[in-house]
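Dumped final-v3.csv below, it's CSV, C-alpha atoms and all ligand atoms:
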chain,number,residue,atom,x,y,z
A,1,MET,CA,5.8,-41.8,0.5
A,2,LYS,CA,4.0,-41.2,3.9
A,3,LEU,CA,7.4,-40.5,5.5
A,4,ARG,CA,8.2,-37.9,2.8
A,5,ILE,CA,4.9,-36.1,3.4
A,6,SER,CA,5.5,-36.0,7.1
A,7,ILE,CA,9.0,-34.7,6.8
A,8,ILE,CA,7.7,-32.0,4.4
A,9,SER,CA,5.0,-31.1,7.0
A,10,ILE,CA,7.6,-30.8,9.8
A,11,ILE,CA,9.7,-28.5,7.6
A,12,ILE,CA,6.7,-26.3,6.8
A,13,ILE,CA,5.7,-26.1,10.5
A,14,LEU,CA,9.3,-25.2,11.4
A,15,PHE,CA,9.3,-22.4,8.9
A,16,LEU,CA,6.0,-21.1,10.1
A,17,PHE,CA,7.3,-21.2,13.7
A,18,ILE,CA,10.5,-19.3,12.9
A,19,GLY,CA,8.5,-16.7,10.9
A,20,SER,CA,6.1,-16.1,13.8
A,21,CYS,CA,9.0,-15.7,16.3
A,22,LYS,CA,10.6,-13.1,14.1
A,23,ASN,CA,7.4,-11.2,13.7
A,24,SER,CA,6.7,-11.1,17.4
A,25,ASN,CA,10.2,-9.7,18.0
A,26,GLN,CA,9.6,-6.9,15.4
A,27,THR,CA,6.3,-6.0,16.9
A,28,ALA,CA,7.5,-5.8,20.5
A,29,ALA,CA,7.8,-2.0,20.3
A,30,ASN,CA,4.3,-1.8,19.2
A,31,LYS,CA,2.8,-3.9,21.9
A,32,GLN,CA,0.9,-1.2,23.7
A,33,VAL,CA,-1.1,-0.3,20.7
A,34,ASP,CA,-2.0,-3.7,19.3
A,35,SER,CA,-5.7,-3.2,18.6
A,36,ASP,CA,-8.0,-6.0,17.8
A,37,SER,CA,-9.6,-6.1,14.4
A,38,LYS,CA,-12.8,-4.4,15.7
A,39,LYS,CA,-13.3,-1.1,13.8
A,40,GLN,CA,-12.9,2.0,15.9
A,41,GLU,CA,-15.4,4.9,15.5
A,42,TRP,CA,-12.5,7.3,16.0
A,43,ALA,CA,-8.8,7.1,16.9
A,44,ILE,CA,-5.9,9.5,17.6
A,45,VAL,CA,-2.2,9.1,17.8
A,46,ILE,CA,0.4,11.8,18.7
A,47,HIS,CA,4.2,12.1,18.9
A,48,GLY,CA,6.5,14.6,20.4
A,49,GLY,CA,9.6,13.5,18.7
A,50,ALA,CA,11.9,10.4,18.7
A,51,GLY,CA,15.5,10.3,20.1
A,52,ALA,CA,17.9,8.9,22.6
A,53,MET,CA,15.8,9.6,25.7
A,54,SER,CA,16.2,7.2,28.5
A,55,THR,CA,15.6,7.2,32.3
A,56,GLU,CA,19.3,8.2,32.7
A,57,ASN,CA,19.1,11.3,30.6
A,58,LEU,CA,15.6,12.5,31.4
A,59,THR,CA,15.1,13.7,35.0
A,60,PRO,CA,12.0,12.5,36.9
A,61,ASP,CA,10.7,16.0,36.7
A,62,LEU,CA,11.1,16.3,33.0
A,63,ASP,CA,9.7,12.9,32.5
A,64,LYS,CA,6.6,14.0,34.3
A,65,GLU,CA,6.4,17.3,32.5
A,66,TYR,CA,6.5,15.5,29.1
A,67,ARG,CA,3.8,13.0,30.2
A,68,VAL,CA,1.5,15.8,31.4
A,69,ALA,CA,2.1,17.7,28.1
A,70,LEU,CA,1.4,14.7,25.9
A,71,ALA,CA,-1.8,13.9,27.9
A,72,GLU,CA,-3.0,17.5,27.5
A,73,ALA,CA,-2.5,17.4,23.8
A,74,LEU,CA,-4.0,13.9,23.5
A,75,ASN,CA,-7.1,14.9,25.5
A,76,THR,CA,-7.6,18.0,23.3
A,77,GLY,CA,-7.9,15.9,20.1
A,78,LYS,CA,-9.7,13.1,21.9
A,79,LYS,CA,-12.5,15.4,23.0
A,80,ILE,CA,-12.9,16.8,19.5
A,81,LEU,CA,-13.1,13.3,17.9
A,82,SER,CA,-15.4,11.8,20.5
A,83,GLU,CA,-17.8,14.6,20.1
A,84,GLY,CA,-18.0,14.1,16.3
A,85,GLY,CA,-15.5,16.8,15.3
A,86,THR,CA,-13.3,16.4,12.2
A,87,ALA,CA,-9.8,14.7,12.1
A,88,LEU,CA,-8.4,18.0,10.7
A,89,ASP,CA,-9.7,20.0,13.6
A,90,ALA,CA,-8.4,17.5,16.1
A,91,ILE,CA,-5.0,17.5,14.4
A,92,GLU,CA,-4.7,21.3,14.2
A,93,LYS,CA,-5.8,21.9,17.8
A,94,THR,CA,-3.7,19.1,19.2
A,95,ILE,CA,-0.6,20.2,17.4
A,96,ARG,CA,-1.2,23.9,18.5
A,97,ILE,CA,-1.1,22.8,22.1
A,98,MET,CA,2.3,21.2,21.5
A,99,GLU,CA,3.5,24.1,19.4
A,100,ASP,CA,2.7,26.5,22.3
A,101,ASN,CA,4.6,24.3,24.8
A,102,PRO,CA,8.4,25.0,25.0
A,103,LEU,CA,9.0,21.3,25.8
A,104,PHE,CA,8.7,20.4,22.2
A,105,ASN,CA,10.8,21.2,19.1
A,106,ALA,CA,8.0,22.9,17.3
A,107,GLY,CA,6.5,26.4,17.6
A,108,LYS,CA,7.6,28.1,20.9
A,109,GLY,CA,10.3,25.5,21.7
A,110,ALA,CA,11.8,25.2,18.2
A,111,VAL,CA,15.6,24.4,18.2
A,112,PHE,CA,18.1,26.9,16.9
A,113,THR,CA,19.8,27.0,13.5
A,114,HIS,CA,23.5,27.4,13.0
A,115,GLU,CA,23.0,31.1,12.9
A,116,GLY,CA,21.0,31.1,16.2
A,117,ARG,CA,17.6,31.6,14.5
A,118,ASN,CA,14.5,29.5,14.6
A,119,GLU,CA,13.0,28.3,11.3
A,120,LEU,CA,9.9,26.3,11.4
A,121,ASP,CA,8.3,23.7,9.1
A,122,ALA,CA,4.8,22.2,9.2
A,123,ALA,CA,2.3,20.3,7.0
A,124,ILE,CA,-1.2,18.9,7.2
A,125,MET,CA,-3.0,16.5,4.9
A,126,ASP,CA,-6.7,15.6,4.4
A,127,GLY,CA,-7.1,11.9,3.6
A,128,SER,CA,-10.6,12.4,2.2
A,129,ASN,CA,-9.4,14.3,-0.9
A,130,LEU,CA,-5.6,14.3,-0.7
A,131,ALA,CA,-5.6,18.1,-0.2
A,132,ALA,CA,-2.5,19.2,1.6
A,133,GLY,CA,-0.8,22.4,2.9
A,134,ALA,CA,2.6,23.2,4.2
A,135,VAL,CA,4.9,26.0,5.3
A,136,ALA,CA,8.7,25.8,5.4
A,137,GLY,CA,11.4,28.0,6.9
A,138,VAL,CA,9.0,30.4,8.6
A,139,ILE,CA,10.3,32.6,11.4
A,140,ASP,CA,7.4,34.6,12.7
A,141,ILE,CA,4.2,32.6,12.5
A,142,ARG,CA,3.2,31.6,16.0
A,143,ASN,CA,1.4,28.3,14.9
A,144,PRO,CA,2.8,26.9,11.7
A,145,ILE,CA,0.3,24.0,11.7
A,146,THR,CA,-2.5,26.6,11.3
A,147,ALA,CA,-0.6,28.3,8.6
A,148,ALA,CA,-0.2,24.9,6.8
A,149,ARG,CA,-4.0,24.3,7.1
A,150,THR,CA,-4.7,27.8,5.8
A,151,VAL,CA,-2.4,27.2,2.8
A,152,MET,CA,-4.4,24.0,2.1
A,153,THR,CA,-7.9,25.6,2.4
A,154,ASN,CA,-7.3,29.2,1.3
A,155,SER,CA,-4.7,29.0,-1.4
A,156,SER,CA,-4.2,27.1,-4.7
A,157,HIS,CA,-0.8,25.9,-3.5
A,158,VAL,CA,0.6,23.2,-1.4
A,159,MET,CA,3.8,24.7,0.1
A,160,LEU,CA,4.8,28.3,0.9
A,161,THR,CA,8.2,29.2,2.2
A,162,GLY,CA,9.9,32.0,4.2
A,163,ALA,CA,8.8,35.6,3.8
A,164,GLY,CA,6.1,34.7,1.3
A,165,ALA,CA,4.5,32.3,3.8
A,166,SER,CA,4.6,35.0,6.4
A,167,GLU,CA,3.0,37.5,4.0
A,168,PHE,CA,0.2,35.0,3.3
A,169,ALA,CA,-0.3,34.2,7.0
A,170,ARG,CA,-0.5,37.9,7.8
A,171,GLU,CA,-3.1,38.5,5.0
A,172,GLN,CA,-5.1,35.5,6.4
A,173,GLY,CA,-5.2,37.1,9.8
A,174,LEU,CA,-3.0,34.5,11.5
A,175,GLU,CA,-1.0,35.4,14.6
A,176,ILE,CA,2.4,36.8,13.7
A,177,VAL,CA,5.0,37.1,16.4
A,178,LEU,CA,8.5,38.6,16.7
A,179,PRO,CA,11.1,36.0,15.8
A,180,SER,CA,12.3,36.5,19.4
A,181,TYR,CA,9.1,34.8,20.6
A,182,PHE,CA,10.8,31.5,19.7
A,183,HIS,CA,13.9,32.3,21.8
A,184,THR,CA,13.5,30.1,24.8
A,185,GLU,CA,13.7,31.5,28.3
A,186,LYS,CA,16.5,30.7,30.8
A,187,ARG,CA,14.4,28.0,32.4
A,188,TYR,CA,14.5,26.1,29.1
A,189,ASP,CA,18.2,26.5,28.4
A,190,GLU,CA,18.8,23.1,29.9
A,191,LEU,CA,16.1,21.6,27.7
A,192,GLN,CA,17.6,23.2,24.6
A,193,GLU,CA,20.8,21.4,25.5
A,194,ILE,CA,18.9,18.1,25.6
A,195,LEU,CA,17.1,18.8,22.4
A,196,MET,CA,20.4,19.6,20.7
A,197,LYS,CA,22.1,16.4,21.9
A,198,GLU,CA,19.3,14.1,21.3
A,199,LYS,CA,17.5,15.6,18.4
A,200,HIS,CA,13.9,15.0,19.5
A,201,GLY,CA,10.8,17.1,20.0
A,202,THR,CA,9.1,17.4,16.6
A,203,VAL,CA,5.4,17.0,17.1
A,204,GLY,CA,2.7,15.2,15.0
A,205,CYS,CA,-0.8,13.9,15.1
A,206,CYS,CA,-2.9,11.5,13.0
A,207,ALA,CA,-6.6,10.9,13.4
A,208,LEU,CA,-9.6,9.0,12.2
A,209,ASP,CA,-12.9,10.8,12.8
A,210,LYS,CA,-16.4,9.5,13.1
A,211,HIS,CA,-17.1,10.5,9.5
A,212,GLY,CA,-14.5,7.9,8.4
A,213,ASN,CA,-11.9,10.5,7.4
A,214,LEU,CA,-8.2,10.3,8.1
A,215,ALA,CA,-5.8,13.2,8.4
A,216,ALA,CA,-2.2,13.8,9.4
A,217,GLY,CA,-0.2,16.8,10.6
A,218,THR,CA,3.4,17.5,11.7
A,219,SER,CA,5.2,20.5,13.0
A,220,THR,CA,8.9,21.1,13.8
A,221,GLY,CA,11.8,23.5,14.3
A,222,GLY,CA,13.8,21.0,12.2
A,223,MET,CA,17.3,19.7,13.0
A,224,THR,CA,19.4,21.6,15.5
A,225,ASN,CA,22.2,23.5,14.0
A,226,LYS,CA,20.7,23.3,10.5
A,227,ARG,CA,22.2,25.7,7.9
A,228,TYR,CA,21.5,27.3,4.5
A,229,ASN,CA,17.7,27.3,4.9
A,230,ARG,CA,17.7,23.6,5.1
A,231,VAL,CA,14.2,22.1,5.0
A,232,GLY,CA,13.5,18.6,6.3
A,233,ASP,CA,10.9,15.9,5.7
A,234,VAL,CA,8.1,17.4,7.8
A,235,PRO,CA,6.6,19.8,5.2
A,236,ILE,CA,7.2,17.5,2.3
A,237,ILE,CA,4.0,15.6,1.6
A,238,GLY,CA,4.8,11.8,1.3
A,239,ALA,CA,8.0,12.1,3.4
A,240,GLY,CA,7.1,13.3,6.9
A,241,THR,CA,3.4,13.7,6.5
A,242,TYR,CA,0.8,11.8,4.5
A,243,ALA,CA,-2.9,10.9,4.7
A,244,ASN,CA,-5.2,8.9,2.4
A,245,ASN,CA,-8.6,7.5,3.3
A,246,ALA,CA,-7.9,4.5,1.2
A,247,THR,CA,-5.0,3.5,3.4
A,248,CYS,CA,-3.7,5.4,6.4
A,249,ALA,CA,-2.5,8.7,8.0
A,250,VAL,CA,1.2,9.0,8.9
A,251,SER,CA,3.4,11.6,10.7
A,252,ALA,CA,7.1,11.0,11.1
A,253,THR,CA,9.9,12.2,13.3
A,254,GLY,CA,13.6,11.6,12.9
A,255,HIS,CA,16.5,12.4,10.6
A,256,GLY,CA,14.6,14.2,7.9
A,257,GLU,CA,17.0,13.6,5.1
A,258,TYR,CA,16.4,9.9,5.2
A,259,PHE,CA,12.7,10.3,5.5
A,260,ILE,CA,12.7,12.4,2.4
A,261,ARG,CA,14.9,10.0,0.4
A,262,TRP,CA,12.9,7.0,1.4
A,263,THR,CA,9.6,8.8,1.1
A,264,VAL,CA,8.6,7.2,4.3
A,265,ALA,CA,5.1,8.3,4.9
A,266,HIS,CA,3.9,7.5,1.4
A,267,ASP,CA,5.9,4.3,1.3
A,268,ILE,CA,3.8,3.0,4.2
A,269,SER,CA,0.6,3.9,2.4
A,270,ALA,CA,1.9,2.4,-0.9
A,271,LEU,CA,2.7,-0.9,0.8
A,272,MET,CA,-0.9,-1.1,2.1
A,273,GLU,CA,-2.4,0.0,-1.2
A,274,TYR,CA,-0.3,-2.0,-3.7
A,275,LYS,CA,0.8,-5.0,-1.6
A,276,GLY,CA,-2.2,-5.3,0.8
A,277,LEU,CA,0.0,-5.1,3.9
A,278,SER,CA,-1.6,-4.3,7.2
A,279,LEU,CA,-0.8,-0.9,8.8
A,280,LYS,CA,1.4,-2.6,11.4
A,281,ASP,CA,3.3,-4.7,8.8
A,282,ALA,CA,3.8,-1.8,6.4
A,283,SER,CA,4.9,0.7,9.1
A,284,GLU,CA,7.3,-1.8,10.8
A,285,LEU,CA,8.8,-2.8,7.4
A,286,VAL,CA,9.6,0.8,6.6
A,287,VAL,CA,10.8,2.0,10.0
A,288,ASN,CA,12.4,-1.2,11.5
A,289,ASP,CA,13.8,-2.6,8.3
A,290,LYS,CA,14.2,-0.2,5.4
A,291,LEU,CA,15.2,2.8,7.5
A,292,VAL,CA,17.4,0.8,9.8
A,293,LYS,CA,19.3,-0.6,6.8
A,294,ALA,CA,19.6,2.9,5.4
A,295,GLY,CA,20.9,4.4,8.7
A,296,GLY,CA,17.9,6.7,9.2
A,297,SER,CA,16.9,7.0,12.9
A,298,GLY,CA,13.4,8.0,14.0
A,299,GLY,CA,9.9,6.7,14.0
A,300,VAL,CA,6.3,7.2,12.8
A,301,ILE,CA,2.8,7.4,14.2
A,302,CYS,CA,0.0,6.1,12.0
A,303,VAL,CA,-3.6,5.1,12.0
A,304,ASP,CA,-5.7,3.3,9.3
A,305,LYS,CA,-9.3,3.6,8.3
A,306,SER,CA,-10.4,1.0,10.8
A,307,GLY,CA,-8.7,2.9,13.7
A,308,ASN,CA,-5.8,0.6,14.1
A,309,VAL,CA,-2.8,2.5,15.5
A,310,SER,CA,0.9,1.7,14.9
A,311,ILE,CA,3.9,3.5,16.4
A,312,PRO,CA,7.1,1.9,15.3
A,313,PHE,CA,10.4,3.6,16.0
A,314,ASN,CA,14.0,2.6,15.7
A,315,SER,CA,15.5,5.1,18.2
A,316,LYS,CA,15.8,4.6,21.9
A,317,GLY,CA,12.6,6.3,22.8
A,318,MET,CA,9.8,8.4,21.3
A,319,PHE,CA,7.4,10.7,23.1
A,320,ARG,CA,4.0,9.3,22.0
A,321,GLY,CA,0.4,8.7,22.9
A,322,PHE,CA,-2.8,7.3,21.5
A,323,ALA,CA,-6.5,7.0,22.3
A,324,THR,CA,-9.2,4.9,20.6
A,325,ALA,CA,-13.0,4.9,20.8
A,326,ASP,CA,-13.0,1.6,22.8
A,327,GLY,CA,-11.3,3.4,25.7
A,328,LYS,CA,-7.7,2.2,25.2
A,329,GLU,CA,-5.2,5.0,25.7
A,330,GLY,CA,-1.8,5.9,27.0
A,331,VAL,CA,1.2,8.1,26.8
A,332,PHE,CA,4.7,6.6,26.6
A,333,ILE,CA,8.4,7.7,26.3
A,334,TYR,CA,10.8,4.8,26.5
A,335,ARG,CA,10.9,1.7,24.3
A,336,ASP,CA,9.5,-1.0,26.5
A,337,GLU,CA,6.7,0.8,28.2
A,338,THR,CA,3.4,-1.0,28.0
A,339,ALA,CA,1.6,0.5,31.0
A,340,SER,CA,-1.2,3.0,30.4
A,341,LYS,CA,-1.0,6.4,32.0
B,1,LIG,N1,12.2,15.3,11.0
B,1,LIG,C1,12.6,16.6,11.5
B,1,LIG,C2,13.5,17.2,10.5
B,1,LIG,O1,14.4,16.5,9.9
B,1,LIG,C3,13.3,16.5,12.8
B,1,LIG,C4,12.8,15.6,13.9
B,1,LIG,O2,11.8,15.0,13.7
B,1,LIG,O3,13.4,15.6,15.0
B,1,LIG,O4,13.4,18.4,10.2

Could I get this structure in the form of structure tokens?
Amino acid sequence: MKLRISIISIIIILFLFIGSCKNSNQTAANKQVDSDSKKQEWAIVIHGGAGAMSTENLTPDLDKEYRVALAEALNTGKKILSEGGTALDAIEKTIRIMEDNPLFNAGKGAVFTHEGRNELDAAIMDGSNLAAGAVAGVIDIRNPITAARTVMTNSSHVMLTGAGASEFAREQGLEIVLPSYFHTEKRYDELQEILMKEKHGTVGCCALDKHGNLAAGTSTGGMTNKRYNRVGDVPIIGAGTYANNATCAVSATGHGEYFIRWTVAHDISALMEYKGLSLKDASELVVNDKLVKAGGSGGVICVDKSGNVSIPFNSKGMFRGFATADGKEGVFIYRDETASK
């Protein structure tokens, strides 16, 4: 009898050991953002797209430029949150900085469609009341994230597209530009080539503010060479963008068609809400298991109501950064980076 009990105990211990090894492997990519269980007063996490970036295909100069750009965006949101501003303000201002920077596939640096145009998508969501706003296929709104926020606050709709979205933005006094504004200058031709090959550059931001509210926003030029007014996951609430104070805020980047079909952002929230999973477990299950099995490459940034941050991605790299009230922060590009900036 005693022998049987000890054999059973050994088997149980073995199973627990194997389980924990598997778990620590899956979480390796997330190492730099493992936060303790202490609740954060505020937290912010950003992305500038996921893709095949590596030290071989990103020159030291570009590597540096991206880190500087990520830090500038992160510091913008960080300042707003640490001074007691709202998550929505932090997200809009942070994303505007990245939209105005031609390094990213959003706003100014948007990639080209098959026809050589730039069509932009963006969304924002307020986790306190599930209000959301989005624009899709816009060609002349300088900052689509601001248009998305205006749709959320000043209209009774969630998503406006194309010419109608532009008309609304104009009426609301938003900055309208000539479509040629999005045509990148010669200096960035090389960058466009990289963006085309590696499909990265979408930008996103999630935040928890001192008032306990979560919000998420995402902005993109979409997939290079897209055709037929294709719209991706970014402006679709629950696919590329989602926030709910009860669970988490999520912003995605990657092959949009998969993120739409697997309703990635909402799936992470639902796993937390209905199955009680932690932010880390829920986001890693969706990105590193479900999406990998489906063949969908990319990643997400997310933050929960305690200020825990998670950044799982199944691509080679992801432009990303985070900062939390306890002073932890950093910007990263490649998979195994753990050093702070
Ligand atoms: N998810 C975006 C889209 O499919 C593209 C990206 O994140 O790179 O439009």

(Q) 6 Å from ligand LIG 1 (chain B) is the threshold here; counting all atoms listed in the file, which polymer residues fall inside it? Answer as a list in words. (A)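 If we count all atoms listed in the file, the neighbours of ligand LIG 1 (chain B) turn out to be Gly49, Lys199, His200, Gly201, Thr202, Gly222, Met223, Gly232, Asp233, Val234, Thr253, Gly254, His255 and Gly256 of chain A.
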
Q: Point out the residue among A:Leu160, A:Ile91, A:Ile333, A:Val231 with the least atom-to-atom distance to Ala73 (chain A), counting only C-alpha atoms.
A: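 The closest residue to Ala73 (chain A) is A:Ile91.
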
Q: Could you tell me which of A:Ile176, A:Ala323, A:Ala243, A:Val158 comes closest to Ala216 (chain A) if we count all atoms listed in the file?
A: A:Ala243

Q.
Please determine, counting all atoms listed in the file, which residue among A:Phe104, A:Ile44, A:Ala87, A:Ile268 has the shortest atom-to-atom distance to Phe319 (chain A).
A.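 Residue with the minimum atom-to-atom distance to Phe319 (chain A): A:Phe104.
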
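Taking CA of Ala90 (chain A) and CA of Ile260 (chain A) as endpoints, the distance between them is 25.7 Å.
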
Q | Minimum-distance residue to Gly77 (chain A), chosen among A:Ala131, A:Ile46, A:Met53, A:Val300 (using all atoms listed in the file) | A |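 The answer is A:Ile46, which sits nearest to Gly77 (chain A).
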
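Candidate residues A:Tyr228, A:Phe313, A:Phe168, A:Phe332 were compared for distance to Leu291 (chain A), and the nearest is A:Phe313, using only C-alpha atoms.
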
Q: Could you give me, as an MDAnalysis selection string, the residues within 9 Å of Ile139 (chain A), counting only C-alpha atoms and dropping anything in the same chain fewer than 4 positions from it?
A: chainID A and resid 117:120 162:163 166 177:179 182

Q | Residues within 10 Å of Arg149 (chain A), only C-alpha atoms, excluding chain neighbours under 6 positions, as a list in words | A |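 The filter keeps Leu88, Asp89, Glu92, Ala122, Ala123, Ile124, Met125, Asp126, Ala131, Ala132, Gly133, Ala134, Val135, Ser155, Val158 and Gly217 of chain A.
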
Q: Please measure the separation of CA of Ile141 (chain A) and CA of His183 (chain A), giving the value in Å to one decimal.
A: 13.4 Å

Q. Just how far from CA of Lys328 (chain A) is CA of Leu271 (chain A), in Å to one decimal?
A.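 Interatomic distance here is 26.7 Å.
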
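Nearest to Gly51 (chain A) of all the residues A:Phe322, A:Tyr66, A:Tyr274, A:Tyr334 is A:Tyr334, based on all atoms listed in the file.
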
Tell me which protein, DNA and RNA residues are within 9 Å of Ala294 (chain A), counting all atoms listed in the file, leaving out same-chain ones fewer than 5 positions away, and put them as a PDB file with C-alpha atoms, in the frame of the given file.
ATOM      1  CA  TYR A 258      16.400   9.900   5.200  1.00  0.00           C
ATOM      2  CA  TRP A 262      12.900   7.000   1.400  1.00  0.00           C
ATOM      3  CA  ASP A 289      13.800  -2.600   8.300  1.00  0.00           C
TER       4      ASP A 289
END

Q: May I have the residues at most 12 Å from (9.3, 26.7, 18.8) in the file's coordinates, counting all atoms listed in the file, as number ranges by chain?
A: A: 95-113, 117-122, 138-145, 177, 179-185, 188, 192, 195, 201-203, 219-222, 224

Q: Please identify all polymer residues within 7 Å of Asp304 (chain A), counting only C-alpha atoms, omitting same-chain residues fewer than 6 positions from it, and present them as a count of residues only.
A: 4

Q | Protein, DNA and RNA residues within 12 Å of (-2.2, -2.5, 2.3), all atoms listed in the file, as a list in words | A | Asn244, Asn245, Ala246, Thr247, Cys248, His266, Asp267, Ile268, Ser269, Ala270, Leu271, Met272, Glu273, Tyr274, Lys275, Gly276, Leu277, Ser278, Leu279, Lys280, Asp281, Ala282, Ser283, Asp304 and Lys305 of chain A
